[in-house]
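Data from structure23.cif: mmCIF, C-alpha atoms
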```cif
data_entry
loop_
_atom_site.group_PDB
_atom_site.id
_atom_site.type_symbol
_atom_site.label_atom_id
_atom_site.label_comp_id
_atom_site.auth_asym_id
_atom_site.auth_seq_id
_atom_site.Cartn_x
_atom_site.Cartn_y
_atom_site.Cartn_z
ATOM 1 C CA MET C 20 0.000 0.000 0.000
ATOM 2 C CA ALA C 21 1.449 3.348 -1.015
ATOM 3 C CA LEU C 22 1.073 6.239 1.408
ATOM 4 C CA LYS C 23 0.509 9.859 0.445
ATOM 5 C CA THR C 24 3.374 10.864 2.740
ATOM 6 C CA THR C 25 6.013 8.728 4.383
ATOM 7 C CA ALA C 26 7.054 9.066 8.003
ATOM 8 C CA ALA C 27 10.503 10.150 6.798
ATOM 9 C CA GLN C 28 8.957 12.932 4.724
ATOM 10 C CA MET C 29 6.857 14.088 7.673
ATOM 11 C CA VAL C 30 9.996 14.308 9.821
ATOM 12 C CA ALA C 31 11.878 16.190 7.083
ATOM 13 C CA ASP C 32 8.981 18.636 6.672
ATOM 14 C CA ALA C 33 8.828 19.188 10.428
ATOM 15 C CA ARG C 34 12.585 19.752 10.703
ATOM 16 C CA ALA C 35 12.445 22.347 7.953
ATOM 17 C CA ARG C 36 10.188 24.578 10.047
ATOM 18 C CA ILE C 37 11.153 24.064 13.681
ATOM 19 C CA LYS C 38 14.109 25.023 15.858
ATOM 20 C CA GLU C 39 16.674 22.251 16.278
ATOM 21 C CA VAL C 40 19.267 22.220 19.045
ATOM 22 C CA GLU C 41 22.543 20.304 18.736
ATOM 23 C CA THR C 42 23.477 17.908 21.536
ATOM 24 C CA ALA C 43 26.520 19.919 22.663
ATOM 25 C CA ASP C 44 24.370 23.049 22.980
ATOM 26 C CA ALA C 45 21.637 21.160 24.841
ATOM 27 C CA ILE C 46 24.174 19.835 27.352
ATOM 28 C CA THR C 47 24.940 23.434 28.341
ATOM 29 C CA MET C 48 21.220 23.997 28.997
ATOM 30 C CA VAL C 49 20.788 21.224 31.584
ATOM 31 C CA ASP C 50 21.305 23.441 34.623
ATOM 32 C CA ASP C 51 19.556 26.507 33.191
ATOM 33 C CA PRO C 52 16.486 27.216 35.358
ATOM 34 C CA ASN C 53 14.810 28.885 32.379
ATOM 35 C CA VAL C 54 14.884 25.688 30.285
ATOM 36 C CA VAL C 55 12.433 22.819 30.623
ATOM 37 C CA ILE C 56 13.727 19.638 28.989
ATOM 38 C CA VAL C 57 10.859 17.351 28.024
ATOM 39 C CA ASP C 58 11.427 13.651 27.378
ATOM 40 C CA ILE C 59 8.683 12.170 25.190
ATOM 41 C CA ARG C 60 10.122 8.654 25.060
ATOM 42 C CA ASP C 61 8.203 5.679 26.383
ATOM 43 C CA ILE C 62 8.719 5.018 30.095
ATOM 44 C CA ARG C 63 10.513 1.755 29.224
ATOM 45 C CA GLU C 64 13.073 3.708 27.173
ATOM 46 C CA ARG C 65 13.756 5.966 30.156
ATOM 47 C CA GLN C 66 14.161 2.979 32.461
ATOM 48 C CA ARG C 67 16.458 1.156 30.037
ATOM 49 C CA SER C 68 18.664 4.065 28.867
ATOM 50 C CA GLY C 69 18.361 6.575 31.670
ATOM 51 C CA TYR C 70 17.236 10.153 31.312
ATOM 52 C CA ILE C 71 18.449 13.730 31.431
ATOM 53 C CA PRO C 72 18.509 14.961 35.045
ATOM 54 C CA GLY C 73 15.608 17.276 35.787
ATOM 55 C CA SER C 74 13.776 16.389 32.585
ATOM 56 C CA VAL C 75 10.002 16.191 32.568
ATOM 57 C CA HIS C 76 8.515 12.963 31.240
ATOM 58 C CA ALA C 77 5.573 13.611 28.925
ATOM 59 C CA PRO C 78 4.461 10.604 26.887
ATOM 60 C CA ARG C 79 4.149 11.330 23.167
ATOM 61 C CA GLY C 80 0.516 10.263 23.118
ATOM 62 C CA MET C 81 -0.539 12.886 25.675
ATOM 63 C CA ILE C 82 1.606 15.921 24.894
ATOM 64 C CA GLU C 83 -0.974 17.936 22.924
ATOM 65 C CA PHE C 84 -3.438 17.533 25.792
ATOM 66 C CA TRP C 85 -0.876 18.316 28.490
ATOM 67 C CA VAL C 86 0.154 21.641 26.891
ATOM 68 C CA ASP C 87 -3.405 22.821 26.150
ATOM 69 C CA PRO C 88 -4.716 24.979 29.029
ATOM 70 C CA ASP C 89 -8.282 24.204 27.922
ATOM 71 C CA SER C 90 -7.739 20.450 28.182
ATOM 72 C CA PRO C 91 -8.767 18.557 31.312
ATOM 73 C CA TYR C 92 -5.309 16.928 31.097
ATOM 74 C CA PHE C 93 -3.347 20.217 31.171
ATOM 75 C CA LYS C 94 -0.126 20.101 33.211
ATOM 76 C CA GLU C 95 1.063 23.286 34.917
ATOM 77 C CA VAL C 96 4.683 22.624 33.902
ATOM 78 C CA PHE C 97 3.646 23.635 30.370
ATOM 79 C CA GLY C 98 1.991 26.872 31.481
ATOM 80 C CA GLN C 99 5.221 28.749 32.213
ATOM 81 C CA ALA C 100 5.393 31.486 29.573
ATOM 82 C CA ASP C 101 8.866 32.566 30.692
ATOM 83 C CA LYS C 102 10.484 29.164 30.049
ATOM 84 C CA THR C 103 12.222 27.707 27.006
ATOM 85 C CA TYR C 104 11.026 24.203 26.178
ATOM 86 C CA LEU C 105 13.346 21.618 24.645
ATOM 87 C CA PHE C 106 11.754 18.312 23.641
ATOM 88 C CA HIS C 107 13.620 15.096 22.921
ATOM 89 C CA CYS C 108 13.064 11.468 22.030
ATOM 90 C CA ALA C 109 15.621 8.762 21.195
ATOM 91 C CA SER C 110 16.690 9.866 17.712
ATOM 92 C CA GLY C 111 14.971 13.188 17.025
ATOM 93 C CA TRP C 112 12.158 11.903 14.839
ATOM 94 C CA ARG C 113 9.270 11.839 17.315
ATOM 95 C CA SER C 114 10.368 15.086 18.899
ATOM 96 C CA ALA C 115 10.506 16.824 15.503
ATOM 97 C CA LEU C 116 6.917 15.793 14.793
ATOM 98 C CA THR C 117 5.878 16.757 18.317
ATOM 99 C CA VAL C 118 7.413 20.228 18.163
ATOM 100 C CA ALA C 119 5.905 20.876 14.716
ATOM 101 C CA THR C 120 2.468 19.953 16.073
ATOM 102 C CA LEU C 121 2.938 22.099 19.175
ATOM 103 C CA GLN C 122 4.093 24.983 17.001
ATOM 104 C CA ASP C 123 0.855 24.608 14.992
ATOM 105 C CA MET C 124 -1.016 24.899 18.303
ATOM 106 C CA GLY C 125 0.850 28.107 19.180
ATOM 107 C CA PHE C 126 3.191 26.538 21.743
ATOM 108 C CA GLU C 127 6.803 27.560 21.129
ATOM 109 C CA ALA C 128 9.449 24.896 21.620
ATOM 110 C CA ALA C 129 12.592 23.392 20.129
ATOM 111 C CA HIS C 130 13.854 19.840 19.919
ATOM 112 C CA LEU C 131 17.112 17.977 20.384
ATOM 113 C CA ARG C 132 18.106 17.274 16.790
ATOM 114 C CA GLU C 133 19.790 13.904 17.301
ATOM 115 C CA GLY C 134 17.789 12.920 20.357
ATOM 116 C CA PHE C 135 19.025 11.065 23.382
ATOM 117 C CA SER C 136 21.077 8.714 21.183
ATOM 118 C CA THR C 137 24.099 11.039 21.181
ATOM 119 C CA TRP C 138 23.602 12.489 24.667
ATOM 120 C CA ASP C 139 25.814 10.015 26.564
ATOM 121 C CA ALA C 140 28.493 9.874 23.852
ATOM 122 C CA GLN C 141 28.897 13.639 24.043
ATOM 123 C CA GLY C 142 29.211 13.723 27.824
ATOM 124 C CA GLY C 143 25.660 14.632 28.764
ATOM 125 C CA PRO C 144 24.666 13.771 32.325
ATOM 126 C CA ILE C 145 22.327 10.800 32.748
ATOM 127 C CA GLU C 146 20.320 9.509 35.662
ATOM 128 C CA LYS C 147 19.443 5.825 35.617
ATOM 129 C CA GLU C 148 16.756 5.356 38.271
ATOM 130 C CA ASP C 149 13.417 6.724 37.088
ATOM 131 C CA LYS C 150 11.661 8.422 39.981
ATOM 132 C CA GLN C 151 8.372 8.765 38.106
#
```
Can you present the structure in this file as structure tokens?
Amino acid sequence: MALKTTAAQMVADARARIKEVETADAITMVDDPNVVIVDIRDIRERQRSGYIPGSVHAPRGMIEFWVDPDSPYFKEVFGQADKTYLFHCASGWRSALTVATLQDMGFEAAHLREGFSTWDAQGGPIEKEDKQ
């Protein structure tokens, strides 16, 4: 079955219109109190690979509802107008699609271009025990 648009094309289209942050730059943002790092990976990925200290876990399937103040699922962490939001997944594909969707909603954010996959290799801090 041929699709109208492939997943790869959707990611490429999203990346062409959103802000991407390189891993080395994101590592410098970890301790910045004005940055909220949002991990959209599955909880099992966080448990297996660890996670960025201080990151907020927001499952991909709920993110649009969690950022929408009119949604019954709204989370206050996403209501901070003075914060910079940086989303990430494992390889940067899901987070690119997520940020493009959020941008369409009027929620400004960026994403970690290569995802968590390069975080450890480039010296990014990791916590292993998920406290969620």
> Can you list what the PyMOL selection byres ((chain C and resi 113) around 12) grabs from this structure, as a PyMOL selection string?
Replying inline: chain C and resi 26-27+29-31+33-34+58-61+78-80+82+106-112+114-120+130-135
>> I need the output of the PyMOL selection byres ((chain C and resi 148) around 12) for this file as an MDAnalysis selection string; which residues are they?
In response: chainID C and resid 62:72 145:147 149:151
> Hey, can you check how far CA of Trp85 (chain C) sits from CA of Phe97 (chain C)?
Replying inline: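 Straight-line distance from CA of Trp85 (chain C) to CA of Phe97 (chain C) works out to 7.2 Å.
Here the PyMOL selection byres ((chain C and resi 125) around 12) catches exactly these residues: Glu83, Val86, Asp87, Pro88, Ala100, Val118, Ala119, Thr120, Leu121, Gln122, Asp123, Met124, Phe126, Glu127 and Ala128 of chain C.
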Write a file of the selected residues as a PDB file, keeping the file's coordinate frame, keeping C-alpha atoms.
```
ATOM      1  CA  GLU C  83      -0.974  17.936  22.924  1.00  0.00           C
ATOM      2  CA  VAL C  86       0.154  21.641  26.891  1.00  0.00           C
ATOM      3  CA  ASP C  87      -3.405  22.821  26.150  1.00  0.00           C
ATOM      4  CA  PRO C  88      -4.716  24.979  29.029  1.00  0.00           C
ATOM      5  CA  ALA C 100       5.393  31.486  29.573  1.00  0.00           C
ATOM      6  CA  VAL C 118       7.413  20.228  18.163  1.00  0.00           C
ATOM      7  CA  ALA C 119       5.905  20.876  14.716  1.00  0.00           C
ATOM      8  CA  THR C 120       2.468  19.953  16.073  1.00  0.00           C
ATOM      9  CA  LEU C 121       2.938  22.099  19.175  1.00  0.00           C
ATOM     10  CA  GLN C 122       4.093  24.983  17.001  1.00  0.00           C
ATOM     11  CA  ASP C 123       0.855  24.608  14.992  1.00  0.00           C
ATOM     12  CA  MET C 124      -1.016  24.899  18.303  1.00  0.00           C
ATOM     13  CA  PHE C 126       3.191  26.538  21.743  1.00  0.00           C
ATOM     14  CA  GLU C 127       6.803  27.560  21.129  1.00  0.00           C
ATOM     15  CA  ALA C 128       9.449  24.896  21.620  1.00  0.00           C
TER      16      ALA C 128
END
```
Box centre and edge lengths (Å, one decimal), axis-aligned, region 127-138 of chain C plus 8 Å each side, as AutoDock Vina command-line options:
```
--center_x 15.5 --center_y 18.1 --center_z 20.7 --size_x 33.3 --size_y 34.8 --size_z 23.9
```
>> Using all atoms listed in the file, which protein or nucleic acid residues come within 8 Å of Val75 (chain C)? Drop anything in the same chain fewer than 3 positions from it, and give the result as a ChimeraX atom specification.
In response: /C:55-58
Would you mind exporting the chosen residues as a PDB file, in the coordinates of the input, restricted to C-alpha atoms?
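Resulting contents of part_3.pdb:
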```pdb
ATOM      1  CA  VAL C  55      12.433  22.819  30.623  1.00  0.00           C
ATOM      2  CA  ILE C  56      13.727  19.638  28.989  1.00  0.00           C
ATOM      3  CA  VAL C  57      10.859  17.351  28.024  1.00  0.00           C
ATOM      4  CA  ASP C  58      11.427  13.651  27.378  1.00  0.00           C
TER       5      ASP C  58
END
```
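When all atoms listed in the file are used to compute distances to Lys94 (chain C), the closest of the residues C:Ile37, C:Ala77, C:Leu22, C:Ala140 turns out to be C:Ala77.
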>> Using only C-alpha atoms, can you tell me which of C:Val54, C:Thr25, C:Tyr104, C:Gly143 comes closest to Lys38 (chain C)?
In response: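 Closest to Lys38 (chain C), using only C-alpha atoms: C:Tyr104.
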>> Let me make sure I understand: among C:Asp139, C:Asp101, C:Asp50, C:Asp44, which one has the smallest atom-to-atom distance to Ser74 (chain C) if we use all atoms listed in the file?
In response: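 Checking each candidate against Ser74 (chain C), we get C:Asp50 as the closest.
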Using only C-alpha atoms, can you list as an mmCIF file with C-alpha atoms, in the frame of the given file the residues within 9 Å of (27.3, 18.3, 21.9)?
```cif
data_model
loop_
_atom_site.group_PDB
_atom_site.id
_atom_site.type_symbol
_atom_site.label_atom_id
_atom_site.label_comp_id
_atom_site.auth_asym_id
_atom_site.auth_seq_id
_atom_site.Cartn_x
_atom_site.Cartn_y
_atom_site.Cartn_z
ATOM 1 C CA GLU C 41 22.543 20.304 18.736
ATOM 2 C CA THR C 42 23.477 17.908 21.536
ATOM 3 C CA ALA C 43 26.520 19.919 22.663
ATOM 4 C CA ASP C 44 24.370 23.049 22.980
ATOM 5 C CA ALA C 45 21.637 21.160 24.841
ATOM 6 C CA ILE C 46 24.174 19.835 27.352
ATOM 7 C CA THR C 47 24.940 23.434 28.341
ATOM 8 C CA THR C 137 24.099 11.039 21.181
ATOM 9 C CA TRP C 138 23.602 12.489 24.667
ATOM 10 C CA ALA C 140 28.493 9.874 23.852
ATOM 11 C CA GLN C 141 28.897 13.639 24.043
ATOM 12 C CA GLY C 142 29.211 13.723 27.824
ATOM 13 C CA GLY C 143 25.660 14.632 28.764
#
```
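Each of C:Val40, C:Ala35, C:Ala21, C:Met81 was compared to Ala129 (chain C) using all atoms listed in the file, and C:Val40 turns out to be the nearest.
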>> As an exercise, work out the distance from CA of Met20 (chain C) to CA of Arg36 (chain C) in Å and give it to one decimal place.
In response: 28.4 Å
